[in-house]
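What's in query_15.txt: compact mmCIF, C-alpha atoms
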# COMPACT_ATOMS: atom_id res chain seq x y z
CA MET A 1 17.70 3.57 -1.63
CA CYS A 2 19.56 5.73 -4.15
CA LEU A 3 22.56 6.02 -1.82
CA THR A 4 22.65 2.26 -1.26
CA PHE A 5 23.22 1.57 -4.95
CA THR A 6 25.43 4.57 -5.72
CA PRO A 7 28.72 2.60 -5.31
CA PHE A 8 27.65 0.20 -8.07
CA ILE A 9 26.79 3.03 -10.45
CA LEU A 10 29.93 5.19 -10.09
CA ASP A 11 32.73 4.48 -12.57
CA ILE A 12 35.92 2.84 -11.23
CA SER A 13 37.97 5.84 -12.33
CA ILE A 14 36.03 8.01 -9.88
CA TRP A 15 36.91 5.65 -7.03
CA ASN A 16 40.61 5.72 -8.03
CA THR A 17 40.65 9.53 -8.21
CA TYR A 18 38.73 10.12 -5.01
CA GLN A 19 39.73 7.23 -2.78
CA TRP A 20 38.14 8.83 0.29
CA LEU A 21 34.74 7.97 -1.25
CA SER A 22 35.34 4.34 -0.29
CA TRP A 23 34.70 4.93 3.38
CA LEU A 24 31.59 7.08 3.04
CA PRO A 25 28.49 5.29 4.39
CA PHE A 26 26.69 4.99 1.05
CA SER A 27 24.87 1.83 2.08
CA LEU A 28 21.80 2.50 4.21
CA SER A 29 20.15 -0.83 3.45
CA TYR A 30 19.09 -1.40 7.08
CA TRP A 31 17.18 1.90 6.90
CA ILE A 32 15.03 0.95 3.88
CA GLY A 33 12.76 -1.62 5.57
CA PRO A 34 11.70 0.33 8.68
CA ALA A 35 11.52 3.64 6.74
CA PHE A 36 9.06 2.14 4.25
CA TYR A 37 7.07 0.44 7.02
CA PHE A 38 6.60 3.66 9.00
CA TYR A 39 5.78 5.54 5.81
CA ILE A 40 2.89 3.12 5.25
CA LYS A 41 1.97 3.18 8.94
CA THR A 42 1.73 6.98 8.77
CA LEU A 43 -0.47 6.82 5.65
CA THR A 44 -2.86 4.39 7.34
CA GLU A 45 -2.80 5.59 10.96
CA GLY A 46 -1.87 9.27 10.79
CA SER A 47 1.12 11.37 11.81
CA ASP A 48 1.16 9.92 15.34
CA ALA A 49 2.04 6.47 14.02
CA PHE A 50 5.78 7.05 14.55
CA ARG A 51 6.98 7.72 18.10
CA LYS A 52 10.39 8.20 19.67
CA LYS A 53 10.34 4.69 21.09
CA ASP A 54 10.17 3.35 17.51
CA LEU A 55 13.68 4.63 16.79
CA TRP A 56 15.12 1.24 17.81
CA HIS A 57 13.90 -0.11 14.45
CA PHE A 58 16.68 1.93 12.83
CA SER A 59 19.47 0.83 15.19
CA PRO A 60 20.75 -1.97 12.88
CA LEU A 61 21.90 0.86 10.60
CA ILE A 62 25.21 0.67 12.49
CA LEU A 63 25.90 -2.62 10.66
CA ASN A 64 26.13 -0.65 7.41
CA TYR A 65 29.04 1.32 8.82
CA PHE A 66 31.37 -1.68 9.31
CA HIS A 67 32.20 -1.72 5.62
CA SER A 68 32.92 2.02 5.52
CA ILE A 69 34.99 1.97 8.70
CA TYR A 70 37.05 -0.92 7.33
CA HIS A 71 37.91 1.02 4.16
CA ALA A 72 38.56 4.18 6.15
CA PHE A 73 41.67 2.51 7.59
CA ASN A 74 42.40 -0.16 4.99
CA TYR A 75 41.70 1.12 1.50
CA ASN A 76 43.89 -1.53 -0.19
CA ASN A 77 41.94 -4.35 1.48
CA PRO A 78 44.78 -6.13 3.32
CA TRP A 79 42.35 -8.41 5.21
CA PRO A 80 39.92 -9.83 2.64
CA LEU A 81 38.15 -12.04 5.20
CA ILE A 82 37.18 -9.06 7.37
CA HIS A 83 36.06 -7.24 4.23
CA ASP A 84 33.86 -10.19 3.23
CA ILE A 85 32.31 -10.28 6.70
CA ALA A 86 31.57 -6.55 6.50
CA GLU A 87 29.87 -7.04 3.11
CA LEU A 88 27.94 -9.99 4.54
CA PHE A 89 26.45 -7.66 7.16
CA GLU A 90 25.14 -5.48 4.33
CA SER A 91 23.75 -8.46 2.41
CA VAL A 92 21.82 -9.70 5.44
CA ALA A 93 19.89 -6.41 5.29
CA ILE A 94 17.89 -8.00 2.46
CA LEU A 95 16.18 -10.18 5.10
CA SER A 96 15.36 -7.04 7.09
CA VAL A 97 13.79 -5.40 4.03
CA ILE A 98 11.70 -8.48 3.22
CA ILE A 99 10.42 -8.75 6.82
CA TYR A 100 9.38 -5.09 6.95
CA LEU A 101 7.72 -5.37 3.53
CA ILE A 102 5.64 -8.28 4.83
CA PHE A 103 4.60 -6.23 7.88
CA SER A 104 3.75 -3.33 5.54
CA TYR A 105 1.61 -5.61 3.39
CA ARG A 106 -0.36 -6.80 6.42
CA LEU A 107 -0.81 -3.19 7.49
CA VAL A 108 -2.27 -2.21 4.12
CA LYS A 109 -4.62 -5.22 4.00
CA SER A 110 -5.96 -4.36 7.46
CA TYR A 111 -6.41 -0.74 6.38
CA GLN A 112 -8.30 -1.79 3.24
CA ARG A 113 -10.68 -3.96 5.26
CA SER A 114 -11.33 -1.05 7.60
CA LEU A 115 -12.00 1.26 4.65
CA LEU A 116 -14.77 -1.01 3.38
CA ASN A 117 -16.47 -0.87 6.78
CA ASN A 118 -16.25 2.92 7.09
CA ILE A 119 -16.63 4.64 3.73
CA SER A 120 -18.51 4.17 0.46
CA TYR A 121 -15.61 5.07 -1.84
CA THR A 122 -12.01 3.84 -1.98
CA GLU A 123 -10.68 5.35 -5.19
CA ARG A 124 -7.11 6.66 -4.82
CA ILE A 125 -7.02 6.06 -1.06
CA ASP A 126 -7.05 2.24 -0.91
CA LEU A 127 -3.23 2.06 -1.35
CA ARG A 128 -3.59 -0.63 -4.02
CA TRP A 129 -0.36 0.52 -5.62
CA VAL A 130 1.44 -0.11 -2.31
CA ASN A 131 0.43 -3.79 -2.32
CA GLN A 132 1.60 -4.15 -5.92
CA PHE A 133 4.87 -2.44 -5.06
CA ILE A 134 5.43 -4.66 -2.01
CA LEU A 135 4.75 -7.91 -3.89
CA ILE A 136 7.08 -7.06 -6.79
CA THR A 137 9.83 -5.65 -4.56
CA THR A 138 9.67 -8.62 -2.19
CA GLY A 139 9.98 -11.00 -5.13
CA SER A 140 12.96 -9.03 -6.45
CA PHE A 141 14.75 -9.07 -3.10
CA ILE A 142 14.14 -12.81 -2.74
CA LEU A 143 15.84 -13.36 -6.11
CA ILE A 144 18.78 -11.18 -5.00
CA LEU A 145 18.98 -13.14 -1.75
CA ILE A 146 19.13 -16.41 -3.73
CA PHE A 147 22.04 -15.00 -5.77
CA VAL A 148 23.84 -14.00 -2.58
CA ILE A 149 23.39 -17.46 -1.03
CA LEU A 150 24.55 -19.19 -4.21
CA GLY A 151 27.58 -16.89 -4.31
CA MET A 152 28.47 -17.85 -0.74
CA VAL A 153 27.82 -21.59 -1.05
CA VAL A 154 28.57 -22.47 -4.68
CA GLY A 155 30.86 -19.68 -5.83
CA GLY A 156 32.18 -19.82 -9.39
CA LYS A 157 29.80 -18.17 -11.85
CA PHE A 158 27.51 -17.33 -8.92
CA ALA A 159 30.23 -15.41 -7.09
CA PRO A 160 29.37 -11.70 -6.65
CA LEU A 161 32.49 -10.63 -8.58
CA GLU A 162 31.17 -12.49 -11.64
CA TRP A 163 27.85 -10.65 -11.57
CA THR A 164 28.76 -7.83 -13.96
CA GLU A 165 25.88 -8.35 -16.40
CA PRO A 166 23.24 -9.64 -13.93
CA ARG A 167 24.12 -6.77 -11.59
CA ALA A 168 23.61 -4.23 -14.39
CA PHE A 169 20.22 -5.80 -15.12
CA ILE A 170 19.26 -5.72 -11.42
CA LEU A 171 20.28 -2.04 -11.18
CA LEU A 172 18.16 -1.24 -14.23
CA ILE A 173 15.11 -2.86 -12.61
CA TYR A 174 15.94 -1.19 -9.31
CA SER A 175 15.99 2.23 -10.95
CA GLY A 176 12.55 1.53 -12.41
CA VAL A 177 11.28 0.56 -8.95
CA LEU A 178 12.66 3.82 -7.54
CA TYR A 179 10.81 5.85 -10.15
CA TRP A 180 7.64 3.86 -9.44
CA LEU A 181 7.87 4.49 -5.71
CA SER A 182 8.64 8.19 -6.18
CA ILE A 183 5.84 8.88 -8.67
CA SER A 184 3.24 6.80 -6.80
CA GLY A 185 4.12 8.44 -3.50
CA PHE A 186 3.93 11.89 -5.08
CA LYS A 187 0.49 11.13 -6.59
CA GLN A 188 -0.87 9.61 -3.38
CA THR A 189 -3.79 11.69 -2.09
CA GLN A 190 -4.60 12.25 1.56
CA THR A 191 -5.76 8.95 3.01
CA ARG A 192 -8.72 8.56 5.35
CA GLN A 193 -8.09 7.66 8.97
CA VAL A 194 -10.42 4.79 9.80
CA PHE A 195 -10.82 2.74 12.95
CA ASN A 196 -11.91 -0.81 13.58
CA ILE A 197 -15.00 -1.15 15.73
CA LYS A 198 -13.89 -3.85 18.12
CA GLU A 199 -16.75 -3.78 20.60
CA GLU A 200 -19.10 -6.74 20.14
CA PRO A 201 -22.86 -6.08 19.94
CA THR A 202 -24.87 -6.80 23.06
CA GLU A 203 -27.86 -9.16 23.08
CA GLN A 204 -30.14 -6.14 23.10
CA ASP A 205 -28.37 -4.78 20.02
CA ASN A 206 -28.81 -8.10 18.18
CA ASP A 207 -32.56 -7.98 18.77
CA LYS A 208 -32.78 -4.59 17.13
CA LEU A 209 -30.53 -5.23 14.11
CA SER A 210 -33.42 -5.78 11.69
CA GLU A 211 -35.11 -2.60 12.95
CA VAL A 212 -31.88 -0.70 12.43
CA ILE A 213 -31.59 -1.94 8.83
CA GLN A 214 -35.18 -0.89 8.11
CA LYS A 215 -34.59 2.57 9.54
CA LEU A 216 -31.33 2.96 7.60
CA SER A 217 -32.98 1.90 4.33
CA LEU A 218 -35.81 4.35 4.84
CA ILE A 219 -33.47 7.27 5.54
CA ILE A 220 -31.05 6.40 2.72
CA GLU A 221 -33.80 6.04 0.12
CA SER A 222 -35.91 9.01 1.18
CA HIS A 223 -32.96 11.41 1.36
CA LYS A 224 -30.93 9.76 -1.42
CA LEU A 225 -27.90 9.78 0.87
CA TYR A 226 -26.01 7.39 -1.41
CA ARG A 227 -25.75 10.18 -4.01
CA ASN A 228 -23.12 11.76 -1.79
CA PRO A 229 -19.91 10.29 -3.30
CA GLU A 230 -18.05 10.74 -0.01
CA LEU A 231 -20.72 9.27 2.26
CA SER A 232 -19.10 7.66 5.30
CA LEU A 233 -20.24 5.59 8.24
CA SER A 234 -20.00 8.65 10.49
CA ASP A 235 -22.17 10.67 8.05
CA LEU A 236 -24.84 7.98 8.05
CA SER A 237 -24.63 7.72 11.84
CA GLU A 238 -25.29 11.45 12.14
CA SER A 239 -28.21 11.38 9.68
CA ALA A 240 -29.88 8.35 11.27
CA ASP A 241 -29.01 9.29 14.85
CA ILE A 242 -27.68 5.78 15.43
CA SER A 243 -24.19 5.00 16.73
CA GLU A 244 -21.54 3.88 14.25
CA ARG A 245 -21.05 0.66 16.22
CA VAL A 246 -24.73 -0.30 15.96
CA ILE A 247 -24.88 0.55 12.23
CA SER A 248 -21.72 -1.39 11.48
CA ASN A 249 -22.91 -4.43 13.44
CA ALA A 250 -26.33 -4.31 11.77
CA ILE A 251 -24.81 -4.24 8.28
CA ASN A 252 -22.20 -6.90 9.08
CA LYS A 253 -24.33 -9.29 11.15
CA GLU A 254 -27.82 -8.86 9.69
CA LEU A 255 -26.89 -8.43 6.02
CA GLY A 256 -23.45 -10.07 5.91
CA LYS A 257 -22.03 -7.07 4.06
CA ASN A 258 -19.63 -4.22 4.68
CA PHE A 259 -20.56 -0.54 4.54
CA PHE A 260 -18.98 -0.07 1.09
CA ARG A 261 -21.12 -2.80 -0.49
CA PHE A 262 -24.25 -1.71 1.40
CA ILE A 263 -24.15 1.84 0.00
CA ASN A 264 -22.96 0.96 -3.48
CA GLU A 265 -25.88 -1.41 -3.95
CA TYR A 266 -28.17 1.62 -3.81
CA ARG A 267 -26.03 3.40 -6.39
CA VAL A 268 -26.03 0.40 -8.73
CA GLU A 269 -29.81 -0.04 -8.41
CA GLU A 270 -30.37 3.62 -9.32
CA MET A 271 -28.00 3.27 -12.28
CA LYS A 272 -29.88 0.18 -13.51
CA GLU A 273 -33.13 2.18 -13.49
CA ARG A 274 -31.50 5.15 -15.20
CA LEU A 275 -29.99 2.95 -17.92
CA LYS A 276 -33.39 1.39 -18.62
CA ASP A 277 -35.12 4.76 -18.90
CA PRO A 278 -35.26 5.92 -22.56
CA ASN A 279 -35.51 9.53 -21.36
CA ASN A 280 -31.82 9.27 -20.39
CA ASP A 281 -30.60 8.08 -23.80
CA HIS A 282 -29.27 11.53 -24.64
CA LEU A 283 -27.12 11.60 -21.48
CA LYS A 284 -23.68 10.08 -21.10
CA ILE A 285 -23.47 7.00 -18.88
CA LEU A 286 -20.65 8.56 -16.85
CA SER A 287 -22.76 11.64 -16.16
CA LEU A 288 -25.55 9.41 -14.85
CA ALA A 289 -23.02 7.55 -12.70
CA PHE A 290 -21.79 10.76 -11.07
CA ASP A 291 -25.39 11.75 -10.31
CA ALA A 292 -25.93 8.37 -8.65
CA GLY A 293 -23.00 8.90 -6.28
CA PHE A 294 -20.00 7.34 -8.01
CA ASN A 295 -16.90 9.53 -7.95
CA SER A 296 -14.82 8.10 -10.81
CA LYS A 297 -15.21 6.19 -14.06
CA ALA A 298 -12.89 3.37 -12.97
CA SER A 299 -14.70 2.88 -9.67
CA PHE A 300 -18.13 2.95 -11.34
CA ASN A 301 -17.23 0.38 -14.00
CA ARG A 302 -15.59 -1.94 -11.48
CA VAL A 303 -18.42 -1.79 -8.93
CA PHE A 304 -21.23 -2.03 -11.51
CA LYS A 305 -19.75 -5.13 -13.15
CA SER A 306 -19.10 -6.78 -9.77
CA TYR A 307 -22.82 -6.47 -8.94
CA THR A 308 -24.40 -7.18 -12.33
CA GLY A 309 -21.79 -9.26 -14.14
CA GLN A 310 -22.03 -6.83 -17.06
CA THR A 311 -20.46 -3.56 -18.08
CA PRO A 312 -22.80 -0.52 -18.04
CA LYS A 313 -22.91 -0.49 -21.85
CA GLU A 314 -23.76 -4.19 -22.02
CA TYR A 315 -26.51 -3.76 -19.44
CA LYS A 316 -27.94 -0.75 -21.28
CA SER A 317 -28.00 -2.52 -24.66
CA GLU A 318 -29.84 -5.52 -23.19
CA ASN A 319 -32.37 -3.57 -21.13
CA SER A 320 -33.15 -0.42 -23.09
Any chance you could give the structure as structure tokens?
Amino acid sequence: MCLTFTPFILDISIWNTYQWLSWLPFSLSYWIGPAFYFYIKTLTEGSDAFRKKDLWHFSPLILNYFHSIYHAFNYNNPWPLIHDIAELFESVAILSVIIYLIFSYRLVKSYQRSLLNNISYTERIDLRWVNQFILITTGSFILILIFVILGMVVGGKFAPLEWTEPRAFILLIYSGVLYWLSISGFKQTQTRQVFNIKEEPTEQDNDKLSEVIQKLSLIIESHKLYRNPELSLSDLSESADISERVISNAINKELGKNFFRFINEYRVEEMKERLKDPNNDHLKILSLAFDAGFNSKASFNRVFKSYTGQTPKEYKSENS
């Protein structure tokens, strides 16, 4: 992404002094979309998400070279029409980026749904920043695409050569997006590999769903399993000696909930009791939350309010 915008950042005097720079393949715009998509695919599906047969996604990169090859032989631009066509190839890459961003967004949403059915915590691994990044970047590229179309159809003040100030503004935003992507990617913790349970429950399974829920509740409450902040579906399956498929179907079909909500209800109920107990007045609310199984302040506040409609402090003041 940095290389793609380097030609717009370098001063004109540099181009005049080092004319050979004009035919270097700075623009790798057809690489951005698939590279980002497979980055997200690797975060959500593991290192095996990219295979050799996926290399074809990067083949349109050759379209970026038309512009460089043209300048390699014709620095003074003797055939403006061919030059415009070469630049058009690079502009069309915006469509490629938008398409891959949409696929990436769908990938993240599917991953987030799977998380809620497999683990009881999502803090720092739910890739929320990726969705925000995709939405803002897609919107930005759509605006750029509108400018390109207007420049081709209307011309005049919309012509690319007249974009000096808007282009500087776009580059400033683009640099901010680059920093955002870099910092967020650097801070991203190891994600959890989760899998969708596609097998439908049998009729025999359906008959036993209520029994499964009763057994799960008994085990969870007696052993306080929800106090484990990293409790997962596989952990519960091992403790209850019930298959993950049966547990997941019981929670989904019998209770109409996902695993995340099922476990966090126990944590919230314990917190409500702790907040009511005057013997805990000397303890910090966050300390009580960690003891109940929450693993971060942000997660605790968000989950508690979603269940009770109140913040922990509001609930404590009304019930203590």
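Interatomic distance, CA of Phe141 (chain A) against CA of Arg124 (chain A): 27.0 Å.
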Please measure the separation of CA of Val303 (chain A) and CA of Asn264 (chain A), giving the value in Å to one decimal.
->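 Pair CA of Val303 (chain A) / CA of Asn264 (chain A) returns 7.6 Å.
Minimum distance to Leu135 (chain A) across A:Tyr111, A:Phe300, A:Tyr70, A:Tyr105 (counting only C-alpha atoms) occurs at A:Tyr105.
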May I ask which of the residues A:Ile102, A:Val246, A:Ile220, A:Ile285 is the closest one to Ile40 (chain A), counting only C-alpha atoms?
-> A:Ile102
Using all atoms listed in the file, which of the listed residues (A:Thr122, A:Ser47, A:Thr42, A:Ser182) sits closest to Leu107 (chain A)?
->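 Counting all atoms listed in the file, the residue closest to Leu107 (chain A) is A:Thr42.
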Find the residue from A:Asn228, A:Ser184, A:Thr44, A:Asn301 that sits nearest to Tyr121 (chain A); use all atoms listed in the file when measuring.
-> A:Asn228
Extract, using only C-alpha atoms, all DNA, RNA and protein residues at most 7 Å from Asn64 (chain A), discarding same-chain residues fewer than 2 positions from it, and format them as a short mmCIF file (atom, residue, chain, number, x, y, z; two decimals) with C-alpha atoms, in the frame of the given file.
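Below you can see out-v2.cif, which holds the result:
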data_model
loop_
_atom_site.label_atom_id
_atom_site.label_comp_id
_atom_site.auth_asym_id
_atom_site.auth_seq_id
_atom_site.Cartn_x
_atom_site.Cartn_y
_atom_site.Cartn_z
CA SER A 27 24.87 1.83 2.08
CA LEU A 28 21.80 2.50 4.21
CA LEU A 61 21.90 0.86 10.60
CA ILE A 62 25.21 0.67 12.49
CA PHE A 66 31.37 -1.68 9.31
CA HIS A 67 32.20 -1.72 5.62
CA GLU A 90 25.14 -5.48 4.33
#
Region 266-283 of chain A surroundings by all atoms listed in the file, 6 Å radius, close-in-sequence under 5 positions cut, as an NGL selection string | :A and (292 or 316 or 319-320)
Might you pull out every residue within 10 Å of Glu254 (chain A), with only C-alpha atoms counted and same-chain residues fewer than 2 positions away left off, and present them as a list in words?
->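 Residues meeting the cut-off are Asn206, Lys208, Leu209, Ser210, Val212, Ile213, Ser248, Asn249, Ala250, Ile251, Asn252, Gly256 and Lys257 of chain A.
The spacing separating CA of Gln193 (chain A) from CA of Lys253 (chain A) amounts to 23.6 Å.
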Could you add the missing atoms to region 3-14 of chain A, up to all heavy atoms, and return them as an mmCIF file, in the coordinates of the input?
data_model
loop_
_atom_site.group_PDB
_atom_site.id
_atom_site.type_symbol
_atom_site.label_atom_id
_atom_site.label_comp_id
_atom_site.auth_asym_id
_atom_site.auth_seq_id
_atom_site.Cartn_x
_atom_site.Cartn_y
_atom_site.Cartn_z
ATOM 1 N N LEU A 3 21.213 6.062 -2.389
ATOM 2 C CA LEU A 3 22.560 6.020 -1.820
ATOM 3 C C LEU A 3 23.081 4.595 -1.734
ATOM 4 O O LEU A 3 24.273 4.343 -1.962
ATOM 5 C CB LEU A 3 22.551 6.651 -0.414
ATOM 6 C CG LEU A 3 22.540 8.180 -0.355
ATOM 7 C CD1 LEU A 3 22.343 8.652 1.072
ATOM 8 C CD2 LEU A 3 23.838 8.738 -0.918
ATOM 9 N N THR A 4 22.218 3.646 -1.415
ATOM 10 C CA THR A 4 22.650 2.260 -1.260
ATOM 11 C C THR A 4 23.261 1.705 -2.543
ATOM 12 O O THR A 4 24.226 0.943 -2.503
ATOM 13 C CB THR A 4 21.447 1.382 -0.837
ATOM 14 O OG1 THR A 4 20.987 1.824 0.444
ATOM 15 C CG2 THR A 4 21.844 -0.079 -0.731
ATOM 16 N N PHE A 5 22.734 2.110 -3.688
ATOM 17 C CA PHE A 5 23.220 1.570 -4.950
ATOM 18 C C PHE A 5 24.188 2.495 -5.690
ATOM 19 O O PHE A 5 24.662 2.163 -6.761
ATOM 20 C CB PHE A 5 22.030 1.214 -5.855
ATOM 21 C CG PHE A 5 21.474 -0.143 -5.565
ATOM 22 C CD1 PHE A 5 20.725 -0.366 -4.422
ATOM 23 C CD2 PHE A 5 21.726 -1.210 -6.411
ATOM 24 C CE1 PHE A 5 20.222 -1.623 -4.140
ATOM 25 C CE2 PHE A 5 21.226 -2.472 -6.137
ATOM 26 C CZ PHE A 5 20.472 -2.680 -4.999
ATOM 27 N N THR A 6 24.486 3.640 -5.084
ATOM 28 C CA THR A 6 25.430 4.570 -5.720
ATOM 29 C C THR A 6 26.804 3.959 -5.986
ATOM 30 O O THR A 6 27.373 4.160 -7.072
ATOM 31 C CB THR A 6 25.585 5.845 -4.864
ATOM 32 O OG1 THR A 6 24.314 6.505 -4.779
ATOM 33 C CG2 THR A 6 26.611 6.790 -5.467
ATOM 34 N N PRO A 7 27.390 3.182 -5.050
ATOM 35 C CA PRO A 7 28.720 2.600 -5.310
ATOM 36 C C PRO A 7 28.773 1.723 -6.547
ATOM 37 O O PRO A 7 29.819 1.619 -7.196
ATOM 38 C CB PRO A 7 28.987 1.773 -4.037
ATOM 39 C CG PRO A 7 28.178 2.433 -2.982
ATOM 40 C CD PRO A 7 26.933 2.884 -3.679
ATOM 41 N N PHE A 8 27.659 1.081 -6.902
ATOM 42 C CA PHE A 8 27.650 0.200 -8.070
ATOM 43 C C PHE A 8 27.488 0.978 -9.371
ATOM 44 O O PHE A 8 27.745 0.449 -10.450
ATOM 45 C CB PHE A 8 26.503 -0.816 -7.940
ATOM 46 C CG PHE A 8 26.584 -1.671 -6.716
ATOM 47 C CD1 PHE A 8 25.778 -1.411 -5.618
ATOM 48 C CD2 PHE A 8 27.480 -2.723 -6.643
ATOM 49 C CE1 PHE A 8 25.843 -2.197 -4.480
ATOM 50 C CE2 PHE A 8 27.565 -3.513 -5.516
ATOM 51 C CZ PHE A 8 26.746 -3.252 -4.427
ATOM 52 N N ILE A 9 27.051 2.223 -9.267
ATOM 53 C CA ILE A 9 26.790 3.030 -10.450
ATOM 54 C C ILE A 9 28.006 3.888 -10.829
ATOM 55 O O ILE A 9 28.277 4.136 -12.006
ATOM 56 C CB ILE A 9 25.555 3.931 -10.215
ATOM 57 C CG1 ILE A 9 24.311 3.054 -9.992
ATOM 58 C CG2 ILE A 9 25.317 4.872 -11.380
ATOM 59 C CD1 ILE A 9 23.070 3.813 -9.584
ATOM 60 N N LEU A 10 28.770 4.338 -9.819
ATOM 61 C CA LEU A 10 29.930 5.190 -10.090
ATOM 62 C C LEU A 10 31.015 4.420 -10.843
ATOM 63 O O LEU A 10 31.295 3.257 -10.557
ATOM 64 C CB LEU A 10 30.504 5.733 -8.774
ATOM 65 C CG LEU A 10 29.592 6.689 -7.983
ATOM 66 C CD1 LEU A 10 30.294 7.139 -6.709
ATOM 67 C CD2 LEU A 10 29.219 7.890 -8.822
ATOM 68 N N ASP A 11 31.655 5.086 -11.781
ATOM 69 C CA ASP A 11 32.730 4.480 -12.570
ATOM 70 C C ASP A 11 33.959 4.237 -11.699
ATOM 71 O O ASP A 11 34.235 4.987 -10.762
ATOM 72 C CB ASP A 11 33.083 5.406 -13.744
ATOM 73 C CG ASP A 11 34.027 4.735 -14.715
ATOM 74 O OD1 ASP A 11 33.555 3.991 -15.594
ATOM 75 O OD2 ASP A 11 35.251 4.962 -14.588
ATOM 76 N N ILE A 12 34.737 3.201 -12.024
ATOM 77 C CA ILE A 12 35.920 2.840 -11.230
ATOM 78 C C ILE A 12 36.949 3.950 -11.204
ATOM 79 O O ILE A 12 37.690 4.122 -10.229
ATOM 80 C CB ILE A 12 36.545 1.527 -11.782
ATOM 81 C CG1 ILE A 12 37.618 1.012 -10.810
ATOM 82 C CG2 ILE A 12 37.113 1.748 -13.177
ATOM 83 C CD1 ILE A 12 37.077 0.597 -9.481
ATOM 84 N N SER A 13 36.992 4.748 -12.282
ATOM 85 C CA SER A 13 37.970 5.840 -12.330
ATOM 86 C C SER A 13 37.682 6.889 -11.255
ATOM 87 O O SER A 13 38.586 7.540 -10.730
ATOM 88 C CB SER A 13 37.953 6.504 -13.716
ATOM 89 O OG SER A 13 36.671 7.047 -13.993
ATOM 90 N N ILE A 14 36.411 7.057 -10.933
ATOM 91 C CA ILE A 14 36.030 8.010 -9.880
ATOM 92 C C ILE A 14 36.546 7.526 -8.540
ATOM 93 O O ILE A 14 37.077 8.304 -7.737
ATOM 94 C CB ILE A 14 34.496 8.178 -9.836
ATOM 95 C CG1 ILE A 14 34.006 8.796 -11.152
ATOM 96 C CG2 ILE A 14 34.081 9.048 -8.644
ATOM 97 C CD1 ILE A 14 32.498 8.941 -11.237
#
